[in-house]
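Pasting input_33.txt here (compact mmCIF, C-alpha atoms):
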```txt
# COMPACT_ATOMS: atom_id res chain seq x y z
CA MET A 231 111.66 96.69 131.70
CA THR A 232 110.82 96.63 127.99
CA LYS A 233 113.91 97.41 125.92
CA VAL A 234 113.27 99.46 122.77
CA SER A 235 115.94 100.32 120.21
CA ILE A 236 115.30 103.11 117.70
CA ILE A 237 117.53 103.41 114.65
CA GLY A 238 117.47 106.95 113.31
CA ALA A 239 117.40 110.24 115.20
CA GLY A 240 115.23 112.46 113.04
CA PRO A 241 111.99 113.85 114.46
CA ALA A 242 110.13 110.52 114.25
CA GLY A 243 112.85 108.67 116.13
CA CYS A 244 113.23 111.39 118.76
CA ILE A 245 109.49 111.73 119.37
CA LEU A 246 109.08 107.98 119.78
CA ALA A 247 112.03 107.92 122.18
CA TYR A 248 110.75 110.78 124.32
CA ALA A 249 107.20 109.40 124.45
CA LEU A 250 108.43 105.99 125.66
CA LEU A 251 110.92 107.47 128.12
CA ALA A 252 108.04 109.38 129.71
CA LYS A 253 106.53 105.95 130.53
CA ASN A 254 109.81 104.49 131.85
CA PHE A 255 110.74 102.26 128.93
CA ASP A 256 114.39 101.33 128.41
CA VAL A 257 115.17 103.30 125.24
CA THR A 258 118.34 103.41 123.14
CA LEU A 259 118.44 105.86 120.24
CA TYR A 260 121.00 105.40 117.46
CA SER A 261 122.10 108.52 115.55
CA ASP A 262 124.54 108.67 112.65
CA ARG A 263 125.57 112.16 113.78
CA THR A 264 126.49 113.90 117.02
CA PRO A 265 124.26 116.75 118.21
CA ASP A 266 126.86 119.24 116.96
CA GLN A 267 127.01 117.56 113.55
CA TRP A 268 123.23 117.72 113.28
CA LEU A 269 123.27 121.45 114.03
CA ASN A 270 126.33 122.66 112.15
CA HIS A 271 127.23 120.12 109.48
CA SER A 272 123.93 118.81 108.12
CA ALA A 273 121.41 119.75 105.48
CA PRO A 274 117.89 120.55 106.74
CA THR A 275 116.48 117.52 104.79
CA GLY A 276 113.59 119.45 103.26
CA THR A 277 111.00 122.00 104.22
CA ALA A 278 109.08 119.84 106.73
CA TYR A 279 106.31 122.40 107.26
CA LEU A 280 104.51 121.36 110.46
CA TYR A 281 100.88 122.20 111.08
CA ASP A 282 100.07 123.58 114.52
CA GLU A 283 98.10 120.47 115.45
CA VAL A 284 101.22 118.39 114.77
CA ILE A 285 103.48 120.70 116.77
CA ASP A 286 101.08 119.91 119.64
CA ILE A 287 102.66 116.44 119.77
CA GLU A 288 106.01 118.04 120.59
CA ARG A 289 104.40 120.45 123.05
CA ASP A 290 102.70 117.64 124.94
CA LEU A 291 106.02 115.81 125.33
CA GLY A 292 107.90 118.91 126.50
CA MET A 293 109.95 118.94 123.28
CA ASP A 294 108.87 122.28 121.81
CA TYR A 295 111.25 125.18 122.38
CA TRP A 296 110.58 127.13 119.19
CA SER A 297 106.94 127.56 118.22
CA GLN A 298 106.41 130.63 120.41
CA ASP A 299 108.94 132.49 118.23
CA MET A 300 108.51 130.71 114.90
CA PHE A 301 107.71 132.38 111.59
CA GLY A 302 104.19 131.08 111.24
CA GLY A 303 102.12 130.55 108.13
CA GLY A 304 98.44 131.30 108.71
CA GLY A 305 97.00 129.68 105.60
CA VAL A 306 97.48 129.01 101.91
CA LEU A 307 97.65 131.17 98.78
CA LEU A 308 97.50 129.18 95.54
CA ASP A 309 98.13 130.38 91.99
CA PHE A 310 97.18 127.71 89.45
CA SER A 311 97.96 127.93 85.74
CA PRO A 312 96.84 125.09 83.43
CA VAL A 313 99.94 125.79 81.32
CA VAL A 314 102.95 128.07 81.58
CA GLY A 315 102.04 131.41 80.00
CA PHE A 316 98.37 131.21 80.93
CA PRO A 317 97.19 134.86 80.88
CA GLU A 318 96.24 135.06 84.54
CA PRO A 319 96.48 132.36 87.23
CA ILE A 320 93.43 130.93 88.96
CA VAL A 321 93.67 132.04 92.59
CA ALA A 322 92.45 130.24 95.70
CA LYS A 323 93.21 131.05 99.32
CA GLY A 324 92.17 130.09 102.82
CA HIS A 325 93.30 130.43 106.41
CA PHE A 326 93.90 127.54 108.77
CA GLU A 327 91.42 126.53 111.46
CA TYR A 328 90.96 129.07 114.25
CA GLY A 329 93.96 131.01 113.00
CA ARG A 330 96.35 128.21 113.96
CA GLU A 331 99.78 128.72 112.41
CA GLY A 332 102.40 126.21 111.35
CA SER A 333 106.00 126.59 110.25
CA GLY A 334 108.94 124.79 108.78
CA ILE A 335 111.00 124.76 111.97
CA ASP A 336 114.62 123.92 111.15
CA GLN A 337 115.00 120.23 111.87
CA ARG A 338 118.68 120.66 112.66
CA MET A 339 118.13 122.74 115.78
CA ARG A 340 115.23 120.54 116.87
CA VAL A 341 117.24 117.32 116.67
CA HIS A 342 120.33 118.96 118.17
CA ARG A 343 118.36 119.95 121.28
CA TRP A 344 116.53 116.64 121.57
CA LEU A 345 119.70 114.56 121.31
CA SER A 346 121.51 116.83 123.76
CA ASP A 347 118.69 116.34 126.30
CA LEU A 348 118.05 112.63 125.70
CA GLU A 349 120.24 111.20 128.45
CA GLY A 350 118.78 113.70 130.91
CA ARG A 351 115.38 112.15 130.10
CA GLY A 352 116.74 108.70 130.93
CA GLY A 353 117.58 107.47 127.43
CA LYS A 354 120.79 106.12 125.94
CA LEU A 355 122.33 107.72 122.84
CA VAL A 356 124.65 105.77 120.55
CA ILE A 357 126.51 107.68 117.83
CA GLY A 358 127.49 105.99 114.58
CA SER A 359 126.02 104.63 111.37
CA VAL A 360 124.25 101.30 111.81
CA THR A 361 124.98 98.61 109.23
CA PRO A 362 122.49 95.86 108.36
CA GLU A 363 124.66 93.41 110.32
CA GLN A 364 124.65 95.66 113.38
CA LEU A 365 120.90 96.15 113.07
CA ASP A 366 120.48 92.38 113.25
CA GLN A 367 122.52 92.25 116.45
CA ILE A 368 120.60 95.17 117.96
CA ALA A 369 117.29 93.44 117.25
CA LEU A 370 118.47 90.24 118.95
CA LYS A 371 119.09 92.15 122.18
CA SER A 372 115.89 94.27 122.07
CA ASP A 373 112.24 93.57 122.78
CA LEU A 374 111.27 95.98 120.00
CA THR A 375 113.41 97.48 117.23
CA VAL A 376 112.10 100.45 115.23
CA LEU A 377 113.63 101.83 112.06
CA ALA A 378 113.35 105.61 111.61
CA ALA A 379 116.07 105.98 108.99
CA GLY A 380 114.09 108.16 106.60
CA LYS A 381 115.01 107.57 102.97
CA ALA A 382 118.45 106.16 103.81
CA GLU A 383 119.65 102.91 102.25
CA LEU A 384 118.98 101.04 105.49
CA SER A 385 115.25 101.57 104.97
CA ARG A 386 115.34 98.98 102.15
CA ILE A 387 115.42 96.31 104.85
CA ILE A 388 111.67 96.95 105.09
CA PRO A 389 110.09 95.57 101.89
CA ARG A 390 108.10 97.87 99.65
CA ASP A 391 104.33 97.46 99.89
CA ALA A 392 103.47 96.96 96.23
CA GLU A 393 99.72 97.17 96.85
CA ARG A 394 99.80 100.56 98.58
CA SER A 395 102.71 102.14 96.70
CA VAL A 396 101.34 103.94 93.63
CA TYR A 397 104.68 104.78 92.01
CA ASP A 398 107.88 102.86 91.39
CA LYS A 399 109.93 105.84 90.20
CA PRO A 400 110.31 109.56 91.05
CA GLN A 401 107.53 111.85 89.83
CA ARG A 402 109.41 115.15 90.16
CA LYS A 403 112.94 116.51 90.19
CA LEU A 404 113.42 118.58 93.34
CA ALA A 405 115.48 121.66 94.21
CA MET A 406 115.23 123.63 97.46
CA ALA A 407 116.91 126.63 99.06
CA MET A 408 116.44 128.85 102.11
CA LEU A 409 115.83 132.54 101.42
CA ARG A 410 116.06 135.79 103.33
CA SER A 411 115.23 139.38 102.37
CA LYS A 412 118.15 141.29 100.87
CA SER A 413 116.54 144.70 101.37
CA GLY A 414 115.61 144.14 104.99
CA GLN A 415 111.90 144.68 104.27
CA HIS A 416 111.46 141.20 105.77
CA VAL A 417 110.13 138.01 104.23
CA ARG A 418 106.96 138.34 106.30
CA ASN A 419 105.88 141.11 103.90
CA TRP A 420 106.51 139.34 100.60
CA PHE A 421 102.85 138.39 100.07
CA THR A 422 100.98 140.95 102.18
CA ASP A 423 99.91 142.82 99.05
CA ARG A 424 97.62 139.86 98.35
CA ILE A 425 96.75 138.22 101.66
CA PRO A 426 96.58 139.54 105.26
CA TYR A 427 98.80 136.81 106.75
CA ALA A 428 102.01 135.07 105.80
CA PRO A 429 100.93 132.12 103.66
CA VAL A 430 102.26 128.84 102.48
CA LYS A 431 102.40 129.94 98.84
CA PHE A 432 101.77 127.44 96.02
CA ASP A 433 102.47 128.02 92.32
CA PHE A 434 101.10 125.18 90.18
CA PHE A 435 101.66 124.81 86.42
CA GLY A 436 99.77 121.93 84.86
CA ASP A 437 102.38 121.27 82.19
CA ALA A 438 105.60 121.97 84.10
CA GLY A 439 105.32 121.23 87.80
CA GLU A 440 105.14 123.33 90.94
CA TYR A 441 107.06 125.51 93.31
CA PHE A 442 106.30 126.47 96.89
CA TRP A 443 107.23 129.18 99.35
CA VAL A 444 107.15 127.82 102.92
CA PRO A 445 107.39 130.03 106.03
CA TYR A 446 110.51 128.72 107.70
CA THR A 447 112.28 129.25 111.02
CA HIS A 448 115.99 128.95 110.25
CA LYS A 449 118.44 127.97 112.97
CA THR A 450 120.46 131.19 112.52
CA TYR A 451 118.36 133.71 110.61
CA GLY A 452 114.96 132.97 112.11
CA ALA A 453 112.15 134.10 109.80
CA THR A 454 112.99 132.99 106.27
CA TYR A 455 111.20 131.39 103.34
CA CYS A 456 112.11 127.98 101.99
CA ILE A 457 111.49 127.73 98.26
CA LEU A 458 111.04 124.28 96.76
CA PHE A 459 110.77 123.47 93.05
CA GLU A 460 109.10 120.28 91.84
CA ALA A 461 109.92 119.99 88.15
CA LYS A 462 108.43 117.61 85.65
CA GLU A 463 111.43 116.24 83.81
CA GLY A 464 112.26 118.25 80.70
CA SER A 465 109.92 121.13 81.61
CA THR A 466 110.83 124.80 81.99
CA LEU A 467 111.20 124.21 85.76
CA ASP A 468 113.82 121.54 85.15
CA ARG A 469 116.90 123.78 85.30
CA PHE A 470 118.77 122.76 88.44
CA ASP A 471 120.95 119.84 87.32
CA ASP A 472 124.14 121.91 87.16
CA CYS A 473 123.62 123.74 90.48
CA LYS A 474 126.49 123.21 92.90
CA SER A 475 125.53 125.61 95.69
CA GLY A 476 122.59 127.29 97.33
CA GLU A 477 123.44 130.48 95.49
CA ASP A 478 123.18 128.57 92.20
CA VAL A 479 119.74 127.25 93.12
CA VAL A 480 118.52 130.74 94.03
CA GLU A 481 119.83 132.21 90.79
CA GLN A 482 117.96 129.60 88.77
CA ALA A 483 114.86 130.24 90.89
CA ARG A 484 115.09 133.94 89.98
CA ASN A 485 115.33 133.08 86.30
CA ILE A 486 112.32 130.79 86.41
CA ILE A 487 110.14 133.26 88.30
CA ARG A 488 111.09 136.07 85.91
CA ASP A 489 110.16 133.84 82.99
CA ILE A 490 106.83 132.40 84.13
CA SER A 491 105.47 134.17 87.25
CA PRO A 492 105.03 137.91 86.67
CA TRP A 493 102.88 138.18 89.81
CA GLU A 494 106.01 137.47 91.88
CA HIS A 495 108.55 139.67 90.12
CA HIS A 496 108.60 142.08 93.07
CA ILE A 497 110.13 139.35 95.24
CA VAL A 498 112.82 138.17 92.84
CA ASP A 499 115.30 141.00 93.36
CA ASP A 500 114.78 141.00 97.13
CA MET A 501 115.42 137.34 97.79
CA GLU A 502 118.86 135.95 98.50
CA TYR A 503 120.34 132.71 99.76
CA VAL A 504 120.98 132.48 103.51
CA THR A 505 124.72 133.07 103.26
CA GLY A 506 126.78 131.46 105.97
CA ASP A 507 124.82 128.20 105.83
CA PRO A 508 126.41 126.03 103.12
CA TYR A 509 123.93 123.22 103.76
CA ALA A 510 120.62 125.10 103.38
CA TRP A 511 119.85 123.73 99.93
CA LEU A 512 119.10 120.39 98.31
CA LYS A 513 118.41 118.83 94.95
CA GLY A 514 117.49 115.31 93.95
CA LYS A 515 114.58 112.98 93.36
CA PHE A 516 113.00 109.95 94.99
CA SER A 517 110.02 107.64 94.62
CA PRO A 518 107.00 108.06 96.89
CA THR A 519 106.95 104.68 98.66
CA VAL A 520 104.92 102.78 101.24
CA ARG A 521 106.70 99.99 103.11
CA GLN A 522 105.35 96.88 104.76
CA ALA A 523 104.63 96.47 108.46
CA PHE A 524 108.03 94.95 109.27
CA GLY A 525 111.24 93.58 107.89
CA ARG A 526 112.69 90.22 108.86
CA LEU A 527 116.41 90.18 109.61
CA PRO A 528 118.76 87.25 108.89
CA SER A 529 118.62 86.11 112.52
CA GLY A 530 114.83 86.00 112.36
CA GLY A 531 114.40 89.23 114.33
CA LEU A 532 111.87 91.87 113.28
CA VAL A 533 112.20 95.59 112.70
CA MET A 534 109.22 97.92 112.19
CA PRO A 535 109.22 101.29 110.36
CA ILE A 536 107.96 104.73 111.34
CA GLY A 537 108.08 108.17 109.71
CA ASP A 538 109.64 108.45 106.26
CA THR A 539 110.74 104.84 106.45
CA ALA A 540 107.11 103.71 106.71
CA VAL A 541 105.71 106.14 104.12
CA THR A 542 107.92 108.31 101.91
CA PHE A 543 105.89 111.25 100.59
CA ASP A 544 106.67 113.50 97.68
CA PRO A 545 106.83 117.01 99.24
CA ILE A 546 104.01 118.33 97.01
CA GLY A 547 101.21 118.16 99.60
CA GLY A 548 103.17 118.99 102.74
CA GLN A 549 102.43 115.65 104.41
CA GLY A 550 105.81 114.03 105.11
CA GLY A 551 106.98 115.87 108.24
CA ASN A 552 103.49 115.81 109.69
CA PHE A 553 103.14 112.07 109.15
CA ALA A 554 106.54 111.56 110.81
CA ASN A 555 105.34 113.20 114.03
CA ARG A 556 101.95 111.51 113.89
CA SER A 557 103.34 108.05 113.18
CA ALA A 558 105.81 108.31 116.07
CA LYS A 559 103.05 109.30 118.49
CA PHE A 560 100.76 106.57 117.15
CA VAL A 561 103.37 103.83 117.52
CA ALA A 562 104.36 105.10 120.98
CA ASP A 563 100.74 104.93 122.13
CA ALA A 564 100.45 101.39 120.74
CA VAL A 565 103.61 100.27 122.55
CA ILE A 566 102.47 101.84 125.82
CA ALA A 567 99.00 100.29 125.56
CA LYS A 568 100.21 96.84 124.55
CA GLY A 569 100.71 95.19 127.92
CA ASP A 570 102.24 91.71 128.05
CA GLY A 571 103.18 89.57 125.08
CA PRO A 572 105.72 89.75 122.28
CA PHE A 573 106.13 92.47 119.68
CA ASP A 574 105.52 89.93 116.96
CA GLU A 575 104.34 89.93 113.35
CA THR A 576 100.68 89.98 114.37
CA TRP A 577 101.13 93.02 116.60
CA MET A 578 103.26 94.92 114.05
CA SER A 579 100.80 94.17 111.26
CA LYS A 580 97.88 95.42 113.36
CA VAL A 581 99.67 98.63 114.35
CA ASN A 582 100.71 99.24 110.76
CA ALA A 583 97.17 98.68 109.43
CA ASP A 584 95.69 101.00 112.06
CA LEU A 585 98.33 103.68 111.37
CA TRP A 586 97.58 103.47 107.65
CA ASP A 587 93.85 103.86 108.26
CA GLN A 588 94.24 106.70 110.75
CA HIS A 589 97.01 108.81 109.21
CA GLY A 590 98.63 107.21 106.17
CA LYS A 591 96.07 106.40 103.51
CA ALA A 592 94.33 109.78 103.17
CA ALA A 593 97.59 111.75 103.33
CA TYR A 594 99.31 109.53 100.75
CA THR A 595 96.30 109.48 98.42
CA PHE A 596 95.85 113.26 98.60
CA ASN A 597 99.55 113.81 98.00
CA ASN A 598 99.54 111.58 94.94
CA LEU A 599 96.44 113.26 93.49
CA LEU A 600 98.46 116.49 93.34
CA LEU A 601 101.14 114.78 91.27
CA GLU A 602 98.64 114.01 88.51
CA PRO A 603 96.44 116.19 86.28
CA LEU A 604 93.41 117.30 88.27
CA THR A 605 90.49 114.90 87.98
CA GLU A 606 86.96 116.16 87.40
CA ALA A 607 86.33 115.84 91.12
CA GLY A 608 89.50 117.74 91.97
CA GLN A 609 88.66 120.49 89.48
CA THR A 610 85.20 120.88 91.01
CA VAL A 611 86.61 121.19 94.52
CA LEU A 612 89.33 123.64 93.46
CA MET A 613 86.97 125.90 91.49
CA THR A 614 84.56 125.99 94.44
CA ALA A 615 87.47 127.10 96.63
CA VAL A 616 88.30 129.76 94.03
CA THR A 617 84.80 131.22 93.88
CA ASP A 618 83.74 130.96 97.54
CA GLU A 619 85.89 132.28 100.40
CA GLN A 620 84.53 129.88 103.01
CA ALA A 621 85.02 126.95 100.64
CA GLY A 622 88.64 128.03 100.31
CA HIS A 623 89.06 127.99 104.07
CA ASP A 624 87.43 124.57 104.32
CA PHE A 625 89.45 123.10 101.45
CA PHE A 626 92.83 124.26 102.72
CA ASN A 627 91.99 123.03 106.22
CA GLY A 628 92.06 119.61 104.66
CA PHE A 629 95.83 119.90 104.27
CA PRO A 630 96.37 119.44 108.05
CA HIS A 631 93.47 116.94 108.12
CA PRO A 632 93.56 115.00 104.82
CA LYS A 633 90.65 112.73 105.78
CA LYS A 634 88.39 115.78 105.43
CA LEU A 635 89.20 115.87 101.70
CA PHE A 636 87.65 112.49 100.98
CA PRO A 637 85.69 111.25 99.23
CA MET A 638 85.23 114.62 97.48
CA MET A 639 88.73 114.71 95.91
CA GLU A 640 88.10 111.37 94.19
CA ASP A 641 84.35 111.06 93.80
CA VAL A 642 82.57 113.42 91.37
CA GLU A 643 79.22 113.24 93.16
CA ALA A 644 80.83 114.06 96.51
CA ALA A 645 82.69 116.96 94.88
CA ARG A 646 79.43 118.29 93.45
CA GLU A 647 77.81 118.03 96.88
CA PHE A 648 80.71 120.05 98.29
CA ALA A 649 80.16 122.72 95.62
CA ALA A 650 76.38 122.70 96.07
CA SER A 651 76.64 123.24 99.82
CA TYR A 652 78.25 126.63 99.22
CA ALA A 653 75.81 127.56 96.51
CA THR A 654 73.02 126.90 99.02
CA LYS A 655 74.71 129.07 101.67
CA ALA A 656 75.16 131.87 99.16
CA ALA A 657 71.47 131.72 98.24
```

Show me, as structure tokens, the structure contained in the file I just sent.
Amino acid sequence: MTKVSIIGAGPAGCILAYALLAKNFDVTLYSDRTPDQWLNHSAPTGTAYLYDEVIDIERDLGMDYWSQDMFGGGGVLLDFSPVVGFPEPIVAKGHFEYGREGSGIDQRMRVHRWLSDLEGRGGKLVIGSVTPEQLDQIALKSDLTVLAAGKAELSRIIPRDAERSVYDKPQRKLAMAMLRSKSGQHVRNWFTDRIPYAPVKFDFFGDAGEYFWVPYTHKTYGATYCILFEAKEGSTLDRFDDCKSGEDVVEQARNIIRDISPWEHHIVDDMEYVTGDPYAWLKGKFSPTVRQAFGRLPSGGLVMPIGDTAVTFDPIGGQGGNFANRSAKFVADAVIAKGDGPFDETWMSKVNADLWDQHGKAAYTFNNLLLEPLTEAGQTVLMTAVTDEQAGHDFFNGFPHPKKLFPMMEDVEAAREFAASYATKAA
């Protein structure tokens, strides 16, 4: 029986484990935390908004226990200001395909349940942090070793792919907190004066950065919003350095919104931090990074990356959590289909190249385009989405399916063809 060791018990590691266990592989999953520690003593590690098509991966594996009750976002509402203080934002909106809803489902309760059930599915769970030396020993005893350690230090064992990685330093300073409604009017109603469904809400400022409101299903409070600030260093959004608690982050968020976003003043006094959860906030920064197909350990053994370890996305385009699920499913399918023969460099390189072509390249390129000033092509696409309702729907449906956004987000002629197609329909 093929022995697979998976280092890292986030969603990517758990999905890979469950998919291989369903096909009777010998799977050992290494977690640095117990199920209880994941649930009660961990930060949520970001918003991780999952599109409905990506939740399908969990449904198909019998891993979804939450989507029927989740706080779902039905589409996108975008306010874009070229500079802070612009008289009135440029507005675009669109619903997701066939009304499919996604949500930021609290990773802590997902992983807690999956780890608790793992041995019942036939897997082995090992608790404890894995050192580079231990990883080497694990790889010697395994047919395949997979690293799903996210952005942890251990991920550096996989070399950075200098050709694919666009950046070598962080592009934004990040601050995040979970919010609930203080008045009891419910977070589901915060944007219903503008859009008939709960949206993923984007606020873009060309000179300062961005902030997002993400429909979130919190482990205790259920329907909440996660607010995430992406500040360009030194800008008016860059105010979170001294924050030492979730309450501090929310207070600074209130100040920023009062200063620059009058269209959201009605929410400011109603939002409050999810008290009772000391971990429901984050701040920091990291570099968007693509890693190579494998790392070679001192013994000569190989380890291959999935999820955040393979491609680390800036949160700006909502691609990271979705790529984690997709990459785990993709690698699982490749392992299952492989047949006889070693999991060697040639195989890992082929799987990595195919994963990049299928799910990585478009998502990473789209994400990085949002970190830069809009190109002429991007401006053409956005303004078409602003002026034509159907174009807005089609554009925002590219977020779950980034390949649909190319070549029009990069190529001016393709962007003009996109715009012209709606002009023709209107005529």

Residues of range 311-355 of chain A that have any atom at most 10 Å from an atom of range 250-263 of chain A: could you tabulate them with the shortest-distance atom pair and the distance in Å to one decimal, using all atoms listed in the file, ordered by chain and increasing number, as CSV?
```
residue,atom,partner,partner_atom,distance
A:His342,CA,A:Arg263,CA,9.6
A:Leu345,CA,A:Ser261,CA,8.7
A:Leu348,CA,A:Leu259,CA,8.7
A:Glu349,CA,A:Thr258,CA,9.6
A:Arg351,CA,A:Leu251,CA,6.8
A:Gly352,CA,A:Leu251,CA,6.6
A:Gly353,CA,A:Val257,CA,5.3
A:Lys354,CA,A:Thr258,CA,4.6
A:Leu355,CA,A:Leu259,CA,5.0
```

Wanna dump the range 568-648 of chain A-range 496-519 of chain A contacts at 10 Å for me, each residue with its shortest atom pair and the distance in Å to one decimal, counting all atoms listed in the file, ordered by chain and number, as CSV?
```
residue,atom,partner,partner_atom,distance
A:Tyr594,CA,A:Pro518,CA,8.7
A:Asn597,CA,A:Pro518,CA,9.5
A:Asn598,CA,A:Pro518,CA,8.5
```

Restricted to C-alpha atoms, what would the selected residues look like written as a PDB file, keeping the file's coordinate frame?
```pdb
ATOM      1  CA  TYR A 594      99.310 109.530 100.750  1.00  0.00           C
ATOM      2  CA  ASN A 597      99.550 113.810  98.000  1.00  0.00           C
ATOM      3  CA  ASN A 598      99.540 111.580  94.940  1.00  0.00           C
TER       4      ASN A 598
END
```

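By only C-alpha atoms, and with residues fewer than 2 positions from Gly439 in chain A along its chain excluded, the set lying at most 8 Å from it is Arg402, Phe434, Phe435, Gly436, Asp437, Tyr441, Phe459, Glu460, Ala461, Lys462, Ser465 and Leu467 of chain A.
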
Once you count all atoms listed in the file, what closest atom pair and distance in Å to one decimal does each residue of range 494-609 of chain A within 9 Å of range 628-638 of chain A have, with rows by chain and rising residue number, as a Markdown table?
```
| residue | atom | partner | partner_atom | distance |
| --- | --- | --- | --- | --- |
| A:Gly547 | CA | A:Phe629 | CA | 7.3 |
| A:Gly548 | CA | A:Phe629 | CA | 7.6 |
| A:Gln549 | CA | A:Phe629 | CA | 7.9 |
| A:Asn552 | CA | A:Pro630 | CA | 8.2 |
| A:Gln588 | CA | A:Lys633 | CA | 8.6 |
| A:His589 | CA | A:Lys633 | CA | 8.2 |
| A:Lys591 | CA | A:Lys633 | CA | 8.6 |
| A:Ala592 | CA | A:Lys633 | CA | 5.4 |
| A:Ala593 | CA | A:Pro632 | CA | 5.4 |
| A:Tyr594 | CA | A:Pro632 | CA | 8.9 |
| A:Thr595 | CA | A:Pro632 | CA | 8.9 |
| A:Phe596 | CA | A:Pro632 | CA | 6.9 |
| A:Ala607 | CA | A:Met638 | CA | 6.6 |
| A:Gly608 | CA | A:Met638 | CA | 7.6 |
```

inquiry  = When you count only C-alpha atoms, which of these residues is closest to Gly304 in chain A: A:Val444, A:Ile285, A:Leu291, A:Ala644?
reply    =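 Closest to Gly304 in chain A of all the choices is A:Val444.
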
All residues 9 Å or closer to Gly537 in chain A, all atoms listed in the file, same chain fewer than 2 positions away omitted, as a ChimeraX atom specification = /A:240-243,377-380,535,539-542,550-558

Please produce a file of the residues just selected, as a PDB file, in the coordinates of the input, where the atoms kept are C-alpha atoms.
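Printed below is again_15.pdb as written:
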```
ATOM      1  CA  GLY A 240     115.230 112.460 113.040  1.00  0.00           C
ATOM      2  CA  PRO A 241     111.990 113.850 114.460  1.00  0.00           C
ATOM      3  CA  ALA A 242     110.130 110.520 114.250  1.00  0.00           C
ATOM      4  CA  GLY A 243     112.850 108.670 116.130  1.00  0.00           C
ATOM      5  CA  LEU A 377     113.630 101.830 112.060  1.00  0.00           C
ATOM      6  CA  ALA A 378     113.350 105.610 111.610  1.00  0.00           C
ATOM      7  CA  ALA A 379     116.070 105.980 108.990  1.00  0.00           C
ATOM      8  CA  GLY A 380     114.090 108.160 106.600  1.00  0.00           C
ATOM      9  CA  PRO A 535     109.220 101.290 110.360  1.00  0.00           C
ATOM     10  CA  THR A 539     110.740 104.840 106.450  1.00  0.00           C
ATOM     11  CA  ALA A 540     107.110 103.710 106.710  1.00  0.00           C
ATOM     12  CA  VAL A 541     105.710 106.140 104.120  1.00  0.00           C
ATOM     13  CA  THR A 542     107.920 108.310 101.910  1.00  0.00           C
ATOM     14  CA  GLY A 550     105.810 114.030 105.110  1.00  0.00           C
ATOM     15  CA  GLY A 551     106.980 115.870 108.240  1.00  0.00           C
ATOM     16  CA  ASN A 552     103.490 115.810 109.690  1.00  0.00           C
ATOM     17  CA  PHE A 553     103.140 112.070 109.150  1.00  0.00           C
ATOM     18  CA  ALA A 554     106.540 111.560 110.810  1.00  0.00           C
ATOM     19  CA  ASN A 555     105.340 113.200 114.030  1.00  0.00           C
ATOM     20  CA  ARG A 556     101.950 111.510 113.890  1.00  0.00           C
ATOM     21  CA  SER A 557     103.340 108.050 113.180  1.00  0.00           C
ATOM     22  CA  ALA A 558     105.810 108.310 116.070  1.00  0.00           C
TER      23      ALA A 558
END
```
